[in-house]
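Visitor: My structure file run-v5.txt, compact mmCIF, N, CA and C atoms, is below:
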```txt
# COMPACT_ATOMS: atom_id res chain seq x y z
N ASP K 1 0.84 -1.19 0.00
CA ASP K 1 0.00 0.00 0.00
C ASP K 1 0.88 1.25 0.00
N GLU K 2 0.53 2.25 -0.83
CA GLU K 2 1.35 3.44 -0.97
C GLU K 2 1.25 4.37 0.24
N THR K 3 0.15 4.28 0.99
CA THR K 3 -0.04 5.18 2.11
C THR K 3 0.68 4.71 3.37
N CYS K 4 1.10 3.48 3.40
CA CYS K 4 1.79 2.95 4.57
C CYS K 4 3.30 3.10 4.40
N LEU K 5 3.95 3.34 5.50
CA LEU K 5 5.40 3.40 5.50
C LEU K 5 5.96 1.98 5.46
N SER K 6 7.25 1.86 5.32
CA SER K 6 7.87 0.53 5.20
C SER K 6 7.68 -0.32 6.45
N ASP K 7 7.53 0.31 7.62
CA ASP K 7 7.35 -0.48 8.84
C ASP K 7 5.88 -0.68 9.19
N GLY K 8 4.93 -0.33 8.28
CA GLY K 8 3.51 -0.59 8.49
C GLY K 8 2.72 0.57 9.06
N ARG K 9 3.40 1.64 9.47
CA ARG K 9 2.69 2.81 10.00
C ARG K 9 2.12 3.63 8.86
N ARG K 10 1.07 4.37 9.15
CA ARG K 10 0.46 5.24 8.13
C ARG K 10 1.20 6.56 8.07
N SER K 11 1.26 7.13 6.91
CA SER K 11 1.90 8.41 6.71
C SER K 11 1.08 9.52 7.36
N LEU K 12 1.74 10.53 7.89
CA LEU K 12 1.04 11.66 8.51
C LEU K 12 0.28 12.49 7.49
N PHE K 13 0.70 12.45 6.25
CA PHE K 13 0.07 13.26 5.22
C PHE K 13 -1.11 12.57 4.57
N ASP K 14 -1.37 11.33 4.92
CA ASP K 14 -2.51 10.61 4.37
C ASP K 14 -3.65 10.67 5.38
N ASN K 15 -4.25 11.80 5.48
CA ASN K 15 -5.33 12.01 6.43
C ASN K 15 -6.65 11.89 5.69
N ASP K 16 -7.23 10.73 5.71
CA ASP K 16 -8.44 10.44 4.94
C ASP K 16 -9.68 10.62 5.82
N ASP K 17 -9.91 11.83 6.29
CA ASP K 17 -11.08 12.10 7.13
C ASP K 17 -12.29 12.42 6.26
N SER K 18 -13.44 12.13 6.78
CA SER K 18 -14.65 12.44 6.04
C SER K 18 -14.90 13.94 5.99
N PHE K 19 -14.27 14.70 6.88
CA PHE K 19 -14.45 16.14 6.88
C PHE K 19 -13.75 16.80 5.69
N ASP K 20 -12.77 16.11 5.14
CA ASP K 20 -12.02 16.67 4.03
C ASP K 20 -12.66 16.39 2.68
N LYS K 21 -13.73 15.62 2.67
CA LYS K 21 -14.36 15.24 1.42
C LYS K 21 -15.67 15.99 1.24
N VAL K 22 -15.96 16.37 0.01
CA VAL K 22 -17.22 17.00 -0.31
C VAL K 22 -18.23 15.91 -0.61
N SER K 23 -19.41 16.06 -0.06
CA SER K 23 -20.45 15.06 -0.27
C SER K 23 -20.82 15.00 -1.75
N LYS K 24 -21.05 13.82 -2.26
CA LYS K 24 -21.36 13.64 -3.68
C LYS K 24 -22.86 13.58 -3.94
N LYS K 25 -23.65 13.84 -2.92
CA LYS K 25 -25.10 13.85 -3.10
C LYS K 25 -25.51 15.09 -3.91
N SER K 26 -26.32 14.89 -4.90
CA SER K 26 -26.78 16.03 -5.69
C SER K 26 -28.15 16.51 -5.23
N SER K 27 -28.86 15.69 -4.49
CA SER K 27 -30.17 16.10 -3.99
C SER K 27 -30.12 16.19 -2.47
N PRO K 28 -30.97 17.03 -1.90
CA PRO K 28 -30.96 17.17 -0.44
C PRO K 28 -31.49 15.91 0.22
N GLY K 29 -31.21 15.77 1.49
CA GLY K 29 -31.64 14.60 2.24
C GLY K 29 -33.06 14.71 2.77
N TYR K 30 -33.84 15.65 2.29
CA TYR K 30 -35.21 15.82 2.74
C TYR K 30 -36.11 16.00 1.52
N ALA K 31 -37.37 15.73 1.70
CA ALA K 31 -38.33 15.89 0.61
C ALA K 31 -38.94 17.29 0.67
N TYR K 32 -39.09 17.91 -0.47
CA TYR K 32 -39.76 19.20 -0.52
C TYR K 32 -41.25 19.00 -0.28
N ARG K 33 -41.85 19.99 0.31
CA ARG K 33 -43.27 19.88 0.63
C ARG K 33 -44.11 19.86 -0.65
N ASN K 34 -43.84 20.75 -1.55
CA ASN K 34 -44.59 20.82 -2.81
C ASN K 34 -43.63 20.91 -3.97
N ALA K 35 -44.03 20.35 -5.07
CA ALA K 35 -43.21 20.47 -6.28
C ALA K 35 -43.32 21.89 -6.82
N ALA K 36 -42.28 22.38 -7.44
CA ALA K 36 -42.27 23.74 -7.98
C ALA K 36 -43.16 23.80 -9.22
N VAL K 37 -43.89 24.89 -9.33
CA VAL K 37 -44.71 25.14 -10.52
C VAL K 37 -43.89 26.06 -11.40
N ARG K 38 -43.50 25.60 -12.55
CA ARG K 38 -42.50 26.29 -13.35
C ARG K 38 -43.06 27.32 -14.32
N ARG K 39 -44.17 27.05 -14.95
CA ARG K 39 -44.67 27.97 -15.99
C ARG K 39 -45.56 29.05 -15.38
N GLN K 40 -45.48 30.26 -15.95
CA GLN K 40 -46.23 31.39 -15.43
C GLN K 40 -47.73 31.16 -15.54
N ASP K 41 -48.19 30.57 -16.62
CA ASP K 41 -49.62 30.30 -16.76
C ASP K 41 -50.11 29.32 -15.71
N ASP K 42 -49.29 28.33 -15.39
CA ASP K 42 -49.66 27.37 -14.35
C ASP K 42 -49.67 28.03 -12.98
N ARG K 43 -48.75 28.95 -12.72
CA ARG K 43 -48.73 29.66 -11.44
C ARG K 43 -49.95 30.54 -11.29
N ARG K 44 -50.41 31.15 -12.37
CA ARG K 44 -51.61 32.01 -12.28
C ARG K 44 -52.86 31.21 -11.96
N LYS K 45 -52.86 29.94 -12.28
CA LYS K 45 -54.01 29.09 -11.99
C LYS K 45 -54.05 28.64 -10.53
N LEU K 46 -52.93 28.80 -9.81
CA LEU K 46 -52.89 28.40 -8.41
C LEU K 46 -53.77 29.31 -7.57
N GLN K 47 -54.17 28.80 -6.42
CA GLN K 47 -55.01 29.56 -5.51
C GLN K 47 -54.21 30.69 -4.88
N GLY K 48 -54.75 31.90 -4.92
CA GLY K 48 -54.10 33.05 -4.29
C GLY K 48 -54.57 33.17 -2.86
N PHE K 49 -53.67 33.57 -1.97
CA PHE K 49 -54.03 33.79 -0.58
C PHE K 49 -53.28 35.01 -0.08
N ASP K 50 -53.61 35.46 1.10
CA ASP K 50 -52.97 36.66 1.63
C ASP K 50 -52.42 36.41 3.02
N CYS K 51 -51.46 37.23 3.38
CA CYS K 51 -50.88 37.18 4.71
C CYS K 51 -51.45 38.36 5.52
N GLN K 52 -51.03 38.49 6.76
CA GLN K 52 -51.54 39.57 7.59
C GLN K 52 -51.16 40.94 7.03
N ASP K 53 -49.97 41.08 6.49
CA ASP K 53 -49.56 42.37 5.92
C ASP K 53 -50.41 42.71 4.69
N CYS K 54 -50.72 41.72 3.87
CA CYS K 54 -51.57 41.96 2.70
C CYS K 54 -52.98 42.35 3.13
N ARG K 55 -53.50 41.69 4.16
CA ARG K 55 -54.83 42.04 4.66
C ARG K 55 -54.85 43.46 5.17
N ASP K 56 -53.79 43.88 5.86
CA ASP K 56 -53.72 45.25 6.34
C ASP K 56 -53.67 46.24 5.18
N TYR K 57 -52.93 45.91 4.13
CA TYR K 57 -52.77 46.81 3.00
C TYR K 57 -54.06 46.90 2.17
N TYR K 58 -54.66 45.77 1.85
CA TYR K 58 -55.84 45.75 0.99
C TYR K 58 -57.14 45.86 1.77
N GLY K 59 -57.10 45.91 3.07
CA GLY K 59 -58.30 45.88 3.90
C GLY K 59 -59.28 47.01 3.63
N ASP K 60 -58.79 48.20 3.37
CA ASP K 60 -59.67 49.36 3.20
C ASP K 60 -60.15 49.54 1.77
N ARG K 61 -59.65 48.76 0.85
CA ARG K 61 -60.04 48.92 -0.55
C ARG K 61 -61.33 48.15 -0.83
N ALA K 62 -62.16 48.74 -1.62
CA ALA K 62 -63.45 48.13 -1.95
C ALA K 62 -63.25 47.09 -3.05
N GLY K 63 -64.16 46.14 -3.10
CA GLY K 63 -64.11 45.14 -4.17
C GLY K 63 -64.30 43.74 -3.62
N ASP K 64 -64.52 42.83 -4.53
CA ASP K 64 -64.70 41.44 -4.18
C ASP K 64 -63.36 40.85 -3.75
N GLU K 65 -63.26 40.42 -2.50
CA GLU K 65 -61.98 39.98 -1.95
C GLU K 65 -61.45 38.73 -2.65
N ALA K 66 -62.30 37.75 -2.93
CA ALA K 66 -61.84 36.52 -3.58
C ALA K 66 -61.33 36.82 -4.98
N ASN K 67 -62.03 37.66 -5.71
CA ASN K 67 -61.60 38.03 -7.05
C ASN K 67 -60.29 38.81 -7.01
N ARG K 68 -60.18 39.73 -6.05
CA ARG K 68 -58.97 40.53 -5.90
C ARG K 68 -57.77 39.64 -5.58
N LEU K 69 -57.97 38.68 -4.69
CA LEU K 69 -56.87 37.77 -4.33
C LEU K 69 -56.40 36.96 -5.54
N GLN K 70 -57.34 36.48 -6.31
CA GLN K 70 -56.97 35.65 -7.45
C GLN K 70 -56.26 36.47 -8.53
N GLN K 71 -56.60 37.74 -8.66
CA GLN K 71 -55.99 38.56 -9.69
C GLN K 71 -54.61 39.09 -9.32
N CYS K 72 -54.44 39.54 -8.09
CA CYS K 72 -53.21 40.28 -7.78
C CYS K 72 -52.40 39.72 -6.61
N SER K 73 -52.72 38.55 -6.12
CA SER K 73 -51.98 38.03 -4.98
C SER K 73 -50.58 37.59 -5.37
N ARG K 74 -49.61 37.96 -4.55
CA ARG K 74 -48.23 37.52 -4.75
C ARG K 74 -48.01 36.16 -4.10
N HIS K 75 -48.91 35.77 -3.23
CA HIS K 75 -48.80 34.48 -2.54
C HIS K 75 -49.69 33.48 -3.26
N ARG K 76 -49.09 32.46 -3.83
CA ARG K 76 -49.85 31.44 -4.55
C ARG K 76 -49.29 30.07 -4.23
N ALA K 77 -50.19 29.11 -4.02
CA ALA K 77 -49.77 27.74 -3.75
C ALA K 77 -50.96 26.82 -3.96
N LYS K 78 -50.67 25.53 -4.08
CA LYS K 78 -51.76 24.56 -4.20
C LYS K 78 -52.54 24.48 -2.91
N TYR K 79 -51.82 24.58 -1.79
CA TYR K 79 -52.45 24.53 -0.47
C TYR K 79 -51.98 25.75 0.32
N VAL K 80 -52.91 26.40 1.00
CA VAL K 80 -52.58 27.58 1.79
C VAL K 80 -51.80 27.12 3.02
N PRO K 81 -50.59 27.62 3.23
CA PRO K 81 -49.81 27.19 4.40
C PRO K 81 -50.40 27.78 5.67
N PRO K 82 -50.22 27.10 6.79
CA PRO K 82 -50.73 27.65 8.05
C PRO K 82 -49.95 28.90 8.44
N SER K 83 -50.61 29.82 9.07
CA SER K 83 -49.93 31.05 9.49
C SER K 83 -49.17 30.78 10.79
N THR K 84 -48.11 31.54 11.00
CA THR K 84 -47.32 31.38 12.21
C THR K 84 -48.05 32.05 13.37
N PRO K 85 -47.90 31.52 14.57
CA PRO K 85 -48.55 32.14 15.73
C PRO K 85 -48.02 33.55 15.97
N GLU K 86 -48.82 34.34 16.64
CA GLU K 86 -48.43 35.71 16.96
C GLU K 86 -47.18 35.68 17.85
N HIS K 87 -46.25 36.57 17.61
CA HIS K 87 -44.98 36.71 18.33
C HIS K 87 -44.05 35.53 18.12
N PHE K 88 -44.27 34.74 17.09
CA PHE K 88 -43.42 33.58 16.83
C PHE K 88 -42.00 34.00 16.47
N TRP K 89 -41.87 35.09 15.74
CA TRP K 89 -40.56 35.54 15.28
C TRP K 89 -39.93 36.57 16.22
N SER K 90 -40.52 36.81 17.38
CA SER K 90 -39.91 37.69 18.37
C SER K 90 -38.77 36.93 19.03
N LEU K 91 -37.55 37.42 18.84
CA LEU K 91 -36.39 36.66 19.27
C LEU K 91 -36.05 36.83 20.75
N GLY K 92 -36.34 37.96 21.31
CA GLY K 92 -35.95 38.21 22.70
C GLY K 92 -36.92 37.57 23.69
N ILE K 93 -36.48 37.49 24.92
CA ILE K 93 -37.35 37.02 26.00
C ILE K 93 -38.16 38.22 26.48
N PRO K 94 -39.49 38.11 26.46
CA PRO K 94 -40.29 39.27 26.86
C PRO K 94 -40.17 39.55 28.35
N ASP K 95 -40.27 40.83 28.71
CA ASP K 95 -40.22 41.18 30.12
C ASP K 95 -41.57 40.88 30.76
N THR K 96 -41.67 41.10 32.05
CA THR K 96 -42.88 40.73 32.81
C THR K 96 -44.10 41.49 32.30
N GLN K 97 -43.96 42.77 32.02
CA GLN K 97 -45.10 43.56 31.55
C GLN K 97 -45.60 43.03 30.21
N GLU K 98 -44.68 42.65 29.32
CA GLU K 98 -45.08 42.11 28.02
C GLU K 98 -45.77 40.76 28.19
N CYS K 99 -45.29 39.93 29.11
CA CYS K 99 -45.93 38.64 29.37
C CYS K 99 -47.34 38.83 29.91
N ARG K 100 -47.52 39.82 30.77
CA ARG K 100 -48.86 40.10 31.30
C ARG K 100 -49.77 40.62 30.20
N ARG K 101 -49.23 41.46 29.32
CA ARG K 101 -50.03 42.01 28.22
C ARG K 101 -50.46 40.90 27.28
N ARG K 102 -49.58 39.92 27.02
CA ARG K 102 -49.91 38.80 26.14
C ARG K 102 -50.79 37.76 26.82
N GLY K 103 -50.91 37.80 28.14
CA GLY K 103 -51.73 36.84 28.86
C GLY K 103 -50.99 35.59 29.27
N ILE K 104 -49.67 35.61 29.17
CA ILE K 104 -48.88 34.45 29.59
C ILE K 104 -48.84 34.38 31.11
N ILE K 105 -48.66 35.54 31.76
CA ILE K 105 -48.67 35.63 33.21
C ILE K 105 -49.97 36.32 33.61
N PRO K 106 -50.73 35.74 34.54
CA PRO K 106 -51.98 36.41 34.94
C PRO K 106 -51.70 37.69 35.71
N GLU K 107 -52.62 38.61 35.61
CA GLU K 107 -52.50 39.87 36.33
C GLU K 107 -52.55 39.60 37.83
N PRO K 108 -51.70 40.29 38.61
CA PRO K 108 -51.75 40.08 40.08
C PRO K 108 -53.04 40.67 40.65
N ASP K 109 -53.51 40.03 41.72
CA ASP K 109 -54.71 40.55 42.39
C ASP K 109 -54.35 41.84 43.13
N ASP K 110 -55.34 42.48 43.67
CA ASP K 110 -55.13 43.74 44.36
C ASP K 110 -54.13 43.54 45.50
N VAL K 111 -53.12 44.39 45.56
CA VAL K 111 -52.10 44.27 46.61
C VAL K 111 -52.65 44.73 47.95
N ASP K 112 -53.59 45.68 47.93
CA ASP K 112 -54.15 46.22 49.18
C ASP K 112 -55.00 45.19 49.89
N SER K 113 -55.57 44.22 49.21
CA SER K 113 -56.47 43.25 49.85
C SER K 113 -55.71 42.10 50.49
N ALA K 114 -54.36 42.11 50.42
CA ALA K 114 -53.56 41.05 51.04
C ALA K 114 -53.61 41.19 52.54
N PRO K 115 -53.62 40.05 53.31
CA PRO K 115 -53.71 40.16 54.79
C PRO K 115 -52.47 40.68 55.43
```
In structure tokens, how does this file's structure come out?
Guide:
Amino acid sequence: DETCLSDGRRSLFDNDDSFDKVSKKSSPGYAYRNAAVRRQDDRRKLQGFDCQDCRDYYGDRAGDEANRLQQCSRHRAKYVPPSTPEHFWSLGIPDTQECRRRGIIPEPDDVDSAP
């Protein structure tokens, strides 16, 4: 073997670690939720839906909401994805006042009525 020295030891420069190799997988190790819709005409046929920001923007405008969504929605998919819960993307730990405002911590009872 070329990587072994004459006394049977391995060469220091023959470091065959898996970390040094690039994976030969061409596809990811997970399945995509939905297949991509490639043609523009096929994408226009998909169901249009709106997010909270779109509802806020289009909320005051008059017109048939279902028709408006189908014509001008930027969000299109075969199935409408579930919305994320409120404050899901808030990264920090909320302080006590914020927890009370959200209803996570109940409001304290009257301090004066304590014995």
Visitor: At what distance in Å, to one decimal, does atom C of K:Leu69 lie from atom CA of K:Arg39?
Guide: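 Atom-to-atom, atom CA of K:Arg39 to atom C of K:Leu69, that is 18.1 Å.
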Visitor: Based on the backbone DSSP call, show me all residues of stretch 24-112 of chain K assigned alpha helix (DSSP H), as a VMD selection string.
Guide: chain K and resid 40 to 45 52 to 58 65 to 72 96 to 102
Visitor: Quote the spacing between atom CA of K:Glu98 and atom CA of K:Cys54 in Å to one decimal place.
Guide: 26.1 Å
Visitor: Could you jot down the atom C of K:Leu46 to atom CA of K:Arg76 separation for me, Å, one decimal place?
Guide: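 Value for the atom C of K:Leu46-atom CA of K:Arg76 distance: 5.4 Å.
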Visitor: Please provide the set of residues having any atom within 9 Å of K:Cys51, restricted to only C-alpha atoms, with same-chain residues fewer than 4 positions apart removed, written as a list in words.
Guide: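 The contact residues come out as Arg55, Asp56, His75 and Ser83 of chain K.
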Visitor: Taking only C-alpha atoms into account, which of K:Gly48, K:Pro106, K:Pro81, K:Pro94 comes nearest K:Arg68?
Guide: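 Counting only C-alpha atoms, the residue closest to K:Arg68 is K:Gly48.
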